[in-house]
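*Asks:* Structure file coords_36.cif, mmCIF, C-alpha atoms and all ligand atoms, is pasted below:
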```cif
data_my_file
loop_
_atom_site.label_atom_id
_atom_site.label_comp_id
_atom_site.auth_asym_id
_atom_site.auth_seq_id
_atom_site.Cartn_x
_atom_site.Cartn_y
_atom_site.Cartn_z
CA THR C 1 0.00 0.00 0.00
CA VAL C 2 1.14 3.51 -0.87
CA THR C 3 0.09 6.14 1.68
CA VAL C 4 0.09 9.75 0.55
CA PHE C 5 0.31 12.40 3.26
CA GLY C 6 -0.33 15.80 1.72
CA SER C 7 -2.47 18.33 -0.05
CA CYS C 8 -5.79 18.31 -1.88
CA ASN C 9 -6.64 21.35 -4.00
CA MET C 10 -9.26 22.27 -6.51
CA ASP C 11 -7.37 23.47 -9.59
CA LEU C 12 -8.91 26.53 -11.23
CA VAL C 13 -7.25 26.56 -14.64
CA ALA C 14 -7.20 29.30 -17.26
CA TYR C 15 -5.77 28.52 -20.70
CA ALA C 16 -4.17 31.50 -22.48
CA GLY C 17 -1.76 32.10 -25.36
CA THR C 18 0.84 33.52 -23.00
CA ALA C 19 0.78 33.89 -19.22
CA PRO C 20 0.39 37.51 -18.02
CA SER C 21 3.52 39.25 -16.77
CA ARG C 22 3.35 41.54 -13.73
CA GLY C 23 0.61 44.15 -14.07
CA GLU C 24 -0.56 42.70 -17.37
CA THR C 25 -4.01 41.34 -18.23
CA VAL C 26 -4.37 38.80 -21.01
CA LEU C 27 -7.39 37.15 -22.57
CA GLY C 28 -7.82 33.47 -21.89
CA ARG C 29 -9.37 30.92 -24.17
CA GLU C 30 -10.94 28.54 -21.70
CA PHE C 31 -11.52 27.87 -17.99
CA ARG C 32 -11.78 24.51 -16.24
CA THR C 33 -11.88 23.22 -12.70
CA ALA C 34 -10.18 19.95 -11.91
CA PRO C 35 -9.20 18.09 -8.74
CA GLY C 36 -5.52 18.62 -7.95
CA GLY C 37 -3.00 19.28 -5.21
CA LYS C 38 0.33 17.47 -5.21
CA GLY C 39 -0.80 14.99 -2.56
CA ALA C 40 -4.04 14.05 -4.28
CA ASN C 41 -2.32 13.99 -7.69
CA GLN C 42 0.30 11.55 -6.45
CA ALA C 43 -2.44 9.42 -4.86
CA LEU C 44 -4.45 9.32 -8.10
CA ALA C 45 -1.36 8.59 -10.20
CA ALA C 46 -0.38 5.68 -7.93
CA ALA C 47 -3.94 4.32 -7.95
CA LYS C 48 -4.08 4.47 -11.75
CA ALA C 49 -0.67 2.81 -11.89
CA GLY C 50 -2.18 -0.09 -9.97
CA ALA C 51 -1.29 0.49 -6.31
CA ALA C 52 -3.59 0.26 -3.29
CA VAL C 53 -3.51 3.88 -2.09
CA ARG C 54 -4.55 5.78 1.02
CA MET C 55 -4.82 9.56 1.26
CA VAL C 56 -4.11 11.37 4.54
CA GLY C 57 -4.93 15.08 4.49
CA ALA C 58 -7.79 17.57 4.75
CA VAL C 59 -10.45 19.22 2.62
CA GLY C 60 -12.81 22.06 3.53
CA GLU C 61 -16.55 22.04 4.17
CA ASP C 62 -17.26 23.67 0.81
CA GLU C 63 -18.49 22.06 -2.39
CA PHE C 64 -14.90 21.65 -3.60
CA GLY C 65 -14.15 19.46 -0.57
CA ALA C 66 -16.95 17.05 -1.37
CA GLU C 67 -15.85 16.90 -5.00
CA LEU C 68 -12.19 16.31 -4.09
CA ARG C 69 -13.14 13.49 -1.71
CA ALA C 70 -15.47 11.85 -4.22
CA ASN C 71 -12.88 12.08 -7.00
CA LEU C 72 -10.31 10.21 -4.89
CA ALA C 73 -12.83 7.61 -3.72
CA ASP C 74 -14.05 7.04 -7.30
CA SER C 75 -10.44 6.26 -8.27
CA THR C 76 -10.25 3.57 -5.54
CA VAL C 77 -8.20 5.75 -3.15
CA ASP C 78 -9.00 4.97 0.52
CA VAL C 79 -10.13 8.32 2.00
CA SER C 80 -10.62 7.17 5.62
CA GLY C 81 -7.63 9.36 6.56
CA LEU C 82 -8.95 12.42 4.71
CA ARG C 83 -10.50 14.85 7.18
CA THR C 84 -13.11 17.51 6.49
CA VAL C 85 -12.28 20.72 8.39
CA PRO C 86 -14.16 24.03 8.76
CA GLY C 87 -13.67 26.61 6.01
CA ARG C 88 -12.58 26.38 2.41
CA SER C 89 -10.75 23.66 0.56
CA GLY C 90 -7.33 24.40 -0.89
CA THR C 91 -7.32 25.96 -4.34
CA ALA C 92 -4.66 26.33 -7.03
CA HIS C 93 -5.05 29.15 -9.53
CA ILE C 94 -3.25 28.02 -12.66
CA VAL C 95 -2.45 29.63 -16.00
CA VAL C 96 -1.42 27.24 -18.78
CA ASP C 97 0.11 28.81 -21.88
CA ASP C 98 0.29 27.54 -25.46
CA SER C 99 3.66 25.88 -24.91
CA GLY C 100 2.13 23.80 -22.10
CA ASP C 101 4.05 25.64 -19.37
CA ASN C 102 2.20 26.76 -16.26
CA SER C 103 2.36 29.32 -13.46
CA ILE C 104 0.47 28.74 -10.24
CA VAL C 105 -0.80 30.53 -7.10
CA ILE C 106 -1.81 28.16 -4.30
CA VAL C 107 -4.16 29.10 -1.43
CA PRO C 108 -3.69 26.31 1.17
CA ALA C 109 -6.91 26.80 3.23
CA ALA C 110 -7.84 23.32 4.60
CA ASN C 111 -4.35 22.03 3.81
CA ALA C 112 -3.02 24.32 6.54
CA ALA C 113 -4.90 22.15 9.08
CA VAL C 114 -2.68 19.16 8.26
CA GLN C 115 -0.30 20.01 11.09
CA GLY C 116 0.68 16.49 12.04
CA LEU C 117 -0.61 12.98 12.49
CA VAL C 118 -4.03 12.56 14.08
CA GLU C 119 -5.60 9.46 15.66
CA GLY C 120 -5.40 6.58 13.23
CA ASP C 121 -2.86 8.11 10.82
CA GLU C 122 0.09 6.26 12.35
CA ALA C 123 -1.64 2.91 11.86
CA LEU C 124 -2.28 3.81 8.20
CA LEU C 125 1.39 4.69 7.75
CA ALA C 126 2.66 1.63 9.60
CA SER C 127 0.95 -0.79 7.23
CA SER C 128 2.32 0.89 4.06
CA SER C 129 5.25 0.02 1.82
CA CYS C 130 5.84 3.65 0.99
CA VAL C 131 4.76 7.11 2.14
CA LEU C 132 4.69 9.98 -0.36
CA LEU C 133 5.25 13.49 1.01
CA GLN C 134 5.26 16.95 -0.59
CA LEU C 135 5.48 20.49 0.81
CA GLU C 136 1.97 21.87 0.20
CA THR C 137 1.00 21.11 3.82
CA PRO C 138 2.77 22.57 6.91
CA LEU C 139 6.38 21.48 7.30
CA ASP C 140 5.96 20.24 10.89
CA GLY C 141 3.30 17.78 9.77
CA VAL C 142 5.44 16.57 6.88
CA ALA C 143 8.35 16.05 9.29
CA GLU C 144 6.11 14.12 11.69
CA ALA C 145 4.87 11.86 8.89
CA ALA C 146 8.45 11.25 7.73
CA ALA C 147 9.51 10.34 11.28
CA ALA C 148 6.56 7.95 11.64
CA GLY C 149 7.40 6.36 8.28
CA ARG C 150 11.00 5.84 9.35
CA ARG C 151 9.90 4.36 12.73
CA HIS C 152 7.83 1.75 10.93
CA GLY C 153 10.38 0.90 8.25
CA VAL C 154 8.30 2.49 5.47
CA ARG C 155 10.13 3.97 2.45
CA VAL C 156 9.82 7.75 2.81
CA VAL C 157 9.67 9.64 -0.52
CA LEU C 158 9.66 13.45 -0.50
CA THR C 159 8.83 15.71 -3.43
CA PRO C 160 10.28 19.04 -2.17
CA ALA C 161 7.67 21.19 -3.89
CA PRO C 162 7.01 24.03 -3.70
CA ALA C 163 10.74 24.51 -3.16
CA ALA C 164 11.64 25.45 0.41
CA PRO C 165 14.63 25.03 2.71
CA LEU C 166 14.43 21.60 4.35
CA PRO C 167 15.16 21.15 8.06
CA ALA C 168 17.88 18.58 8.81
CA GLU C 169 15.50 16.64 11.04
CA LEU C 170 13.08 16.09 8.12
CA LEU C 171 15.88 15.14 5.73
CA SER C 172 17.23 12.61 8.23
CA ASN C 173 14.00 10.61 7.79
CA VAL C 174 13.79 10.79 3.98
CA ASP C 175 14.88 7.77 1.92
CA LEU C 176 14.27 9.14 -1.56
CA LEU C 177 14.10 12.81 -2.59
CA VAL C 178 12.45 13.66 -5.94
CA PRO C 179 12.93 17.34 -6.84
CA ASN C 180 12.52 18.77 -10.30
CA GLU C 181 15.45 20.69 -11.78
CA HIS C 182 14.29 24.01 -10.34
CA GLU C 183 13.76 22.61 -6.84
CA ALA C 184 17.14 20.86 -6.96
CA ALA C 185 18.79 24.18 -7.86
CA VAL C 186 16.99 26.03 -5.03
CA LEU C 187 17.99 23.35 -2.52
CA THR C 188 21.65 23.18 -3.56
CA GLY C 189 22.55 26.39 -5.39
CA HIS C 190 23.67 24.28 -8.39
CA ASP C 191 21.97 24.67 -11.77
CA ASP C 192 23.87 21.72 -13.15
CA PRO C 193 21.83 18.57 -12.34
CA HIS C 194 24.90 16.38 -11.79
CA ARG C 195 26.33 18.83 -9.26
CA ALA C 196 22.94 19.22 -7.60
CA LEU C 197 22.62 15.43 -7.43
CA ALA C 198 25.97 15.11 -5.67
CA ALA C 199 25.02 17.82 -3.17
CA LEU C 200 21.61 16.26 -2.44
CA LEU C 201 23.17 12.83 -1.89
CA GLU C 202 25.00 14.30 1.07
CA LEU C 203 21.56 14.89 2.62
CA VAL C 204 19.60 11.74 1.69
CA PRO C 205 20.60 8.24 0.45
CA GLU C 206 18.71 8.29 -2.88
CA VAL C 207 17.73 11.12 -5.23
CA VAL C 208 15.84 11.44 -8.53
CA ILE C 209 16.01 14.85 -10.22
CA THR C 210 13.33 15.18 -12.90
CA LEU C 211 14.48 17.18 -15.92
CA GLY C 212 11.24 17.87 -17.78
CA ALA C 213 11.38 16.76 -21.42
CA ARG C 214 15.01 15.68 -20.90
CA GLY C 215 13.96 12.86 -18.55
CA SER C 216 15.46 12.30 -15.13
CA LEU C 217 18.67 11.65 -13.27
CA TYR C 218 18.88 9.09 -10.44
CA GLY C 219 21.72 8.59 -8.00
CA THR C 220 22.57 6.84 -4.76
CA ARG C 221 25.04 7.60 -2.03
CA GLN C 222 26.87 4.40 -3.04
CA GLY C 223 27.74 6.04 -6.35
CA GLU C 224 25.17 4.44 -8.67
CA VAL C 225 23.95 6.91 -11.32
CA VAL C 226 21.20 6.25 -13.88
CA GLU C 227 20.30 8.77 -16.60
CA VAL C 228 16.75 8.17 -17.78
CA PRO C 229 15.92 9.75 -21.16
CA GLY C 230 12.58 11.47 -21.62
CA PHE C 231 10.25 10.07 -24.27
CA PRO C 232 9.95 12.39 -27.29
CA VAL C 233 6.29 13.42 -27.18
CA ARG C 234 4.31 16.58 -27.89
CA ALA C 235 3.53 18.21 -24.55
CA VAL C 236 0.26 20.14 -24.28
CA ASP C 237 0.01 20.46 -20.47
CA THR C 238 2.80 19.59 -18.03
CA THR C 239 0.64 20.11 -14.91
CA ALA C 240 1.28 17.18 -12.55
CA ALA C 241 3.97 15.56 -14.73
CA GLY C 242 6.17 15.22 -11.64
CA ASP C 243 3.31 13.84 -9.53
CA THR C 244 2.47 11.26 -12.20
CA PHE C 245 6.15 10.32 -12.28
CA VAL C 246 6.32 9.84 -8.49
CA GLY C 247 3.01 7.95 -8.34
CA MET C 248 4.20 5.40 -10.91
CA LEU C 249 7.66 5.21 -9.35
CA ALA C 250 6.29 4.43 -5.86
CA THR C 251 3.86 1.88 -7.27
CA ALA C 252 6.58 0.03 -9.16
CA LEU C 253 8.99 0.08 -6.21
CA GLY C 254 6.20 -1.27 -3.98
CA GLU C 255 5.82 -4.18 -6.41
CA GLY C 256 9.52 -4.96 -6.01
CA VAL C 257 10.48 -3.62 -9.46
CA ALA C 258 14.19 -2.64 -9.61
CA MET C 259 14.94 1.10 -9.71
CA PRO C 260 16.05 1.43 -13.38
CA GLU C 261 12.87 -0.27 -14.63
CA ALA C 262 10.72 1.67 -12.12
CA LEU C 263 12.23 4.90 -13.50
CA ARG C 264 11.44 3.82 -17.06
CA LEU C 265 7.81 3.18 -16.09
CA ALA C 266 7.66 6.57 -14.33
CA SER C 267 9.13 8.30 -17.37
CA ALA C 268 6.54 6.63 -19.63
CA ALA C 269 3.65 7.49 -17.30
CA SER C 270 4.63 11.16 -17.16
CA ALA C 271 5.30 11.32 -20.91
CA LEU C 272 1.74 10.08 -21.48
CA SER C 273 0.33 12.59 -18.99
CA VAL C 274 1.91 15.67 -20.62
CA GLN C 275 0.18 14.85 -23.90
CA ARG C 276 -3.22 15.40 -22.25
CA ILE C 277 -4.86 18.49 -20.78
CA GLY C 278 -5.36 18.66 -17.02
CA ALA C 279 -3.88 17.07 -13.90
CA SER C 280 -5.85 14.17 -12.46
CA GLY C 281 -7.65 13.50 -15.73
CA SER C 282 -4.35 13.21 -17.57
CA MET C 283 -2.86 10.31 -15.64
CA PRO C 284 -2.48 7.11 -17.62
CA SER C 285 -3.59 3.67 -16.44
CA ARG C 286 -1.10 0.86 -16.04
CA PRO C 287 -2.23 -0.93 -19.23
CA GLU C 288 -1.75 2.35 -21.16
CA ILE C 289 1.75 2.72 -19.70
CA GLU C 290 2.72 -0.87 -20.57
CA ALA C 291 1.30 -0.46 -24.09
CA PHE C 292 3.26 2.77 -24.60
CA LEU C 293 6.50 1.02 -23.59
CA THR C 294 6.00 -1.85 -26.01
CA SER C 295 4.87 0.34 -28.93
P1 LIG C 301 7.46 18.83 -12.53
O1 LIG C 301 6.18 18.49 -13.22
O2 LIG C 301 7.46 18.45 -11.09
O3 LIG C 301 7.96 20.21 -12.77
P2 LIG C 301 9.23 17.80 -14.60
O4 LIG C 301 8.82 18.92 -15.46
O5 LIG C 301 10.69 17.57 -14.40
O6 LIG C 301 8.58 17.84 -13.15
O7 LIG C 301 8.57 16.48 -15.22
C1 LIG C 301 8.56 15.25 -14.53
C2 LIG C 301 8.81 14.12 -15.52
O8 LIG C 301 7.79 14.15 -16.51
C3 LIG C 301 10.12 14.20 -16.28
O9 LIG C 301 11.15 13.57 -15.55
C4 LIG C 301 9.79 13.48 -17.58
O10 LIG C 301 9.95 12.08 -17.39
C5 LIG C 301 8.32 13.79 -17.78
N1 LIG C 301 8.14 14.94 -18.69
C6 LIG C 301 7.92 16.24 -18.35
N2 LIG C 301 7.82 17.03 -19.44
C7 LIG C 301 7.95 16.21 -20.51
C8 LIG C 301 7.94 16.40 -21.92
N3 LIG C 301 7.77 17.61 -22.47
N4 LIG C 301 8.13 15.30 -22.72
C9 LIG C 301 8.31 14.08 -22.18
N5 LIG C 301 8.33 13.83 -20.85
C10 LIG C 301 8.16 14.87 -20.02
#
```
Rewrite the structure of this file - the entire thing - as structure tokens.
Ligand code: ADP
*Replies:*
Amino acid sequence: TVTVFGSCNMDLVAYAGTAPSRGETVLGREFRTAPGGKGANQALAAAKAGAAVRMVGAVGEDEFGAELRANLADSTVDVSGLRTVPGRSGTAHIVVDDSGDNSIVIVPAANAAVQGLVEGDEALLASSSCVLLQLETPLDGVAEAAAAGRRHGVRVVLTPAPAAPLPAELLSNVDLLVPNEHEAAVLTGHDDPHRALAALLELVPEVVITLGARGSLYGTRQGEVVEVPGFPVRAVDTTAAGDTFVGMLATALGEGVAMPEALRLASAASALSVQRIGASGSMPSRPEIEAFLTS
């Protein structure tokens, strides 16, 4: 079982030719709402990749909260650890431009209530193979979940997004860190992925840096390095590419798949997702991923 401890947001997405710069107003072409949030996205991606998944987090009492909960449950995600708290659900205000790039404002709302483990969460974590963490919920809670994962021998995987300085205590309980190129640069001060990788491996035993269309770079403290090429596809919307990658990666590792093959599956899953509009709706199923790899 993969347990995701993290955020649930309703994505409010505007599609425009170019994103507005400061002080500028641009005309958009289309507006959509879609369930999102890095936590929920990773949960949905893992469920579609074939894992048994549990979501620990919080939604608000508004209509978005009910929709977010139902969307996870409909995708077979166990939502017994998803609380409903007073106030609004988290929202993400996203602009996607014609090149498929996005810029995002996140209002945490209910996600700010995920301050740590509550009654029952530890039992959910203890019976998992892997816990997936991100930084869209308060850092103290993320650190507590990482510590609980470590206590129970669960593989702790952290996506350090949005990029923020990481306390040593949190890092000491992380097994695998999965930043994108930008986050790796913020964490280390190195733009060069190989240098960033080396710096991050001084903090945690295993690291995957995702490099957008260029693929990803994996390394271990023991000196193993794997460069995973990206699949040449036409990207229309890269929202949640990284979350799709991590969801597939965790699922494969939970099945006992070796890291290089797990990375190939993750690369394929995310390459499929960037060819479709949206976040949760864009995640491929396991049969689609397998078919893509044999085509
Ligand atoms: P994030 O979505 O977190 O910013 P990346 O942009 O690095 O992360 O994308 C995560 C993964 O998704 C990459 O490692 C790659 O495998 C895949 N990916 C992203 N963009 C593309 C693309 N344009 N073509 C093919 N694969 C892509």
*Asks:* Using all atoms listed in the file for the distances, tell me which of C:Leu293, C:Leu135, C:Val56, C:Ile209 is nearest to ligand LIG 301 (chain C).
*Replies:*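 Result for the nearest residue to ligand LIG 301 (chain C): C:Ile209.
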*Asks:* With 5 Å of padding per side, what axis-aligned box (centre and edge lengths, Å, one decimal) covers all the listed atoms of ligand LIG 301 (chain C)? Give it as JSON.
*Replies:*
```
{"center_x": 8.7, "center_y": 16.1, "center_z": -16.9, "size_x": 15.0, "size_y": 18.1, "size_z": 21.6}
```
*Asks:* Could you make a table, as JSON lines, of the residues of segment 241-278 of chain C that have an atom within 10 Å of an atom of segment 124-129 of chain C, each with its nearest atom pair and distance in Å to one decimal, counting only C-alpha atoms, in chain and number order?
*Replies:*
```
{"residue": "C:Ala250", "atom": "CA", "partner": "C:Ser129", "partner_atom": "CA", "distance": 8.9}
{"residue": "C:Thr251", "atom": "CA", "partner": "C:Ser129", "partner_atom": "CA", "distance": 9.4}
{"residue": "C:Leu253", "atom": "CA", "partner": "C:Ser129", "partner_atom": "CA", "distance": 8.9}
{"residue": "C:Gly254", "atom": "CA", "partner": "C:Ser129", "partner_atom": "CA", "distance": 6.0}
{"residue": "C:Glu255", "atom": "CA", "partner": "C:Ser129", "partner_atom": "CA", "distance": 9.3}
```
*Asks:* Taking all atoms listed in the file into account, list the residues no farther than 9 Å from ligand LIG 301 (chain C), as a PyMOL selection string.
*Replies:* chain C and resi 100+159+161+178-183+208-217+228-246+263-264+266-275
*Asks:* Given only C-alpha atoms as the basis, pick out the residue of C:Val85, C:Val77, C:Leu133, C:Ala19 nearest to Gly39 of chain C.
*Replies:*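 Counting only C-alpha atoms, the residue closest to Gly39 of chain C is C:Leu133.
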*Asks:* Would you list the contacts of Val96 of chain C as a PyMOL selection string, taking every protein, DNA or RNA residue within 12 Å and counting all atoms listed in the file, but skipping same-chain residues closer than 6 positions in sequence?
*Replies:* chain C and resi 11-20+28-32+102-104+235-239+277-279
*Asks:* At a cut-off of 6 Å, using only C-alpha atoms, what residues contact Thr137 of chain C? Leave out same-chain residues fewer than 2 positions from it and give the result as a list in words.
*Replies:* Gly6, Ser7, Asn111, Ala112 and Leu135 of chain C
*Asks:* If we draw a sphere of 7 Å around (-13.8, 17.6, 6.8), which residues have at least one atom in it when counting all atoms listed in the file? Please report them as a list of chain:residue names.
*Replies:*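 These residues have at least one counted atom within 7 Å: C:Ala58, C:Val59, C:Gly60, C:Glu61, C:Arg83, C:Thr84, C:Val85, C:Pro86.
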*Asks:* With distances taken over all atoms listed in the file, which of C:Ala145, C:Ala258, C:Leu200, C:Val2 is nearest to Gly50 of chain C?
*Replies:* C:Val2
*Asks:* Can you measure atom CA of Leu197 of chain C to atom CA of Pro260 of chain C for me? One decimal in Å is fine.
*Replies:*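 For atom CA of Leu197 of chain C relative to atom CA of Pro260 of chain C, the distance reads 16.6 Å.
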*Asks:* Of the residues C:Gln42, C:Asn9, C:Thr188, C:Ser285, which is the one nearest to Val131 of chain C, using only C-alpha atoms?
*Replies:*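 Of C:Gln42, C:Asn9, C:Thr188, C:Ser285, the one nearest Val131 of chain C, counting only C-alpha atoms, is C:Gln42.
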*Asks:* From the options C:Asp97, C:Glu144, C:Asp121, C:Asp191, which residue's atoms come nearest to Leu82 of chain C, counting all atoms listed in the file?
*Replies:*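 For Leu82 of chain C, the nearest of the given residues is C:Asp121.
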*Asks:* Mind giving me the straight-line distance from atom CA of Gly116 of chain C to atom CA of Ala147 of chain C in Å, one decimal?
*Replies:*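 Computing the Euclidean distance for atom CA of Gly116 of chain C and atom CA of Ala147 of chain C yields 10.8 Å.
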*Asks:* Quick one: of C:Val142, C:Met248, C:Leu171, C:Ala47, who's nearest to Pro205 of chain C, counting only C-alpha atoms?
*Replies:*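 For Pro205 of chain C, the nearest of the candidates is C:Leu171.
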*Asks:* For a test of reading the model, state the distance in Å between atom CA of Glu122 of chain C and atom CA of Ala148 of chain C, rounded to one decimal.
*Replies:*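 About the pair atom CA of Glu122 of chain C and atom CA of Ala148 of chain C: they are 6.7 Å apart.
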*Asks:* Please rebuild segment 45-63 of chain C with N, CA and C atoms and give the result as a tab-separated table (two decimals), in the frame of the given file.
*Replies:*
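And here is the file that came out, out_9.tsv:
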```tsv
chain	number	residue	atom	x	y	z
C	45	ALA	N	-2.32	9.19	-9.26
C	45	ALA	CA	-1.36	8.59	-10.20
C	45	ALA	C	-0.98	7.18	-9.75
C	46	ALA	N	-0.75	7.01	-8.45
C	46	ALA	CA	-0.38	5.68	-7.93
C	46	ALA	C	-1.54	4.71	-8.08
C	47	ALA	N	-2.77	5.20	-7.82
C	47	ALA	CA	-3.94	4.32	-7.95
C	47	ALA	C	-4.11	3.89	-9.41
C	48	LYS	N	-3.94	4.83	-10.34
C	48	LYS	CA	-4.08	4.47	-11.75
C	48	LYS	C	-2.95	3.55	-12.21
C	49	ALA	N	-1.80	3.68	-11.56
C	49	ALA	CA	-0.67	2.81	-11.89
C	49	ALA	C	-0.83	1.42	-11.29
C	50	GLY	N	-1.87	1.25	-10.46
C	50	GLY	CA	-2.18	-0.09	-9.97
C	50	GLY	C	-1.93	-0.34	-8.50
C	51	ALA	N	-1.56	0.69	-7.73
C	51	ALA	CA	-1.29	0.49	-6.31
C	51	ALA	C	-2.57	0.61	-5.48
C	52	ALA	N	-2.59	-0.04	-4.32
C	52	ALA	CA	-3.59	0.26	-3.29
C	52	ALA	C	-3.12	1.54	-2.61
C	53	VAL	N	-3.95	2.55	-2.53
C	53	VAL	CA	-3.51	3.88	-2.09
C	53	VAL	C	-4.43	4.43	-0.99
C	54	ARG	N	-3.81	5.07	0.00
C	54	ARG	CA	-4.55	5.78	1.02
C	54	ARG	C	-4.14	7.24	0.99
C	55	MET	N	-5.11	8.12	1.22
C	55	MET	CA	-4.82	9.56	1.26
C	55	MET	C	-5.03	10.07	2.68
C	56	VAL	N	-3.99	10.70	3.24
C	56	VAL	CA	-4.11	11.37	4.54
C	56	VAL	C	-3.97	12.87	4.29
C	57	GLY	N	-4.96	13.65	4.72
C	57	GLY	CA	-4.93	15.08	4.49
C	57	GLY	C	-6.25	15.71	4.90
C	58	ALA	N	-6.56	16.88	4.36
C	58	ALA	CA	-7.79	17.57	4.75
C	58	ALA	C	-8.39	18.34	3.58
C	59	VAL	N	-9.72	18.34	3.54
C	59	VAL	CA	-10.45	19.22	2.62
C	59	VAL	C	-11.38	20.10	3.44
C	60	GLY	N	-11.93	21.15	2.82
C	60	GLY	CA	-12.81	22.06	3.53
C	60	GLY	C	-14.26	21.60	3.48
C	61	GLU	N	-15.12	22.39	4.12
C	61	GLU	CA	-16.55	22.04	4.17
C	61	GLU	C	-17.29	22.54	2.94
C	62	ASP	N	-16.59	23.12	1.99
C	62	ASP	CA	-17.26	23.67	0.81
C	62	ASP	C	-17.54	22.60	-0.24
C	63	GLU	N	-18.14	23.02	-1.35
C	63	GLU	CA	-18.49	22.06	-2.39
C	63	GLU	C	-17.25	21.44	-3.04
```
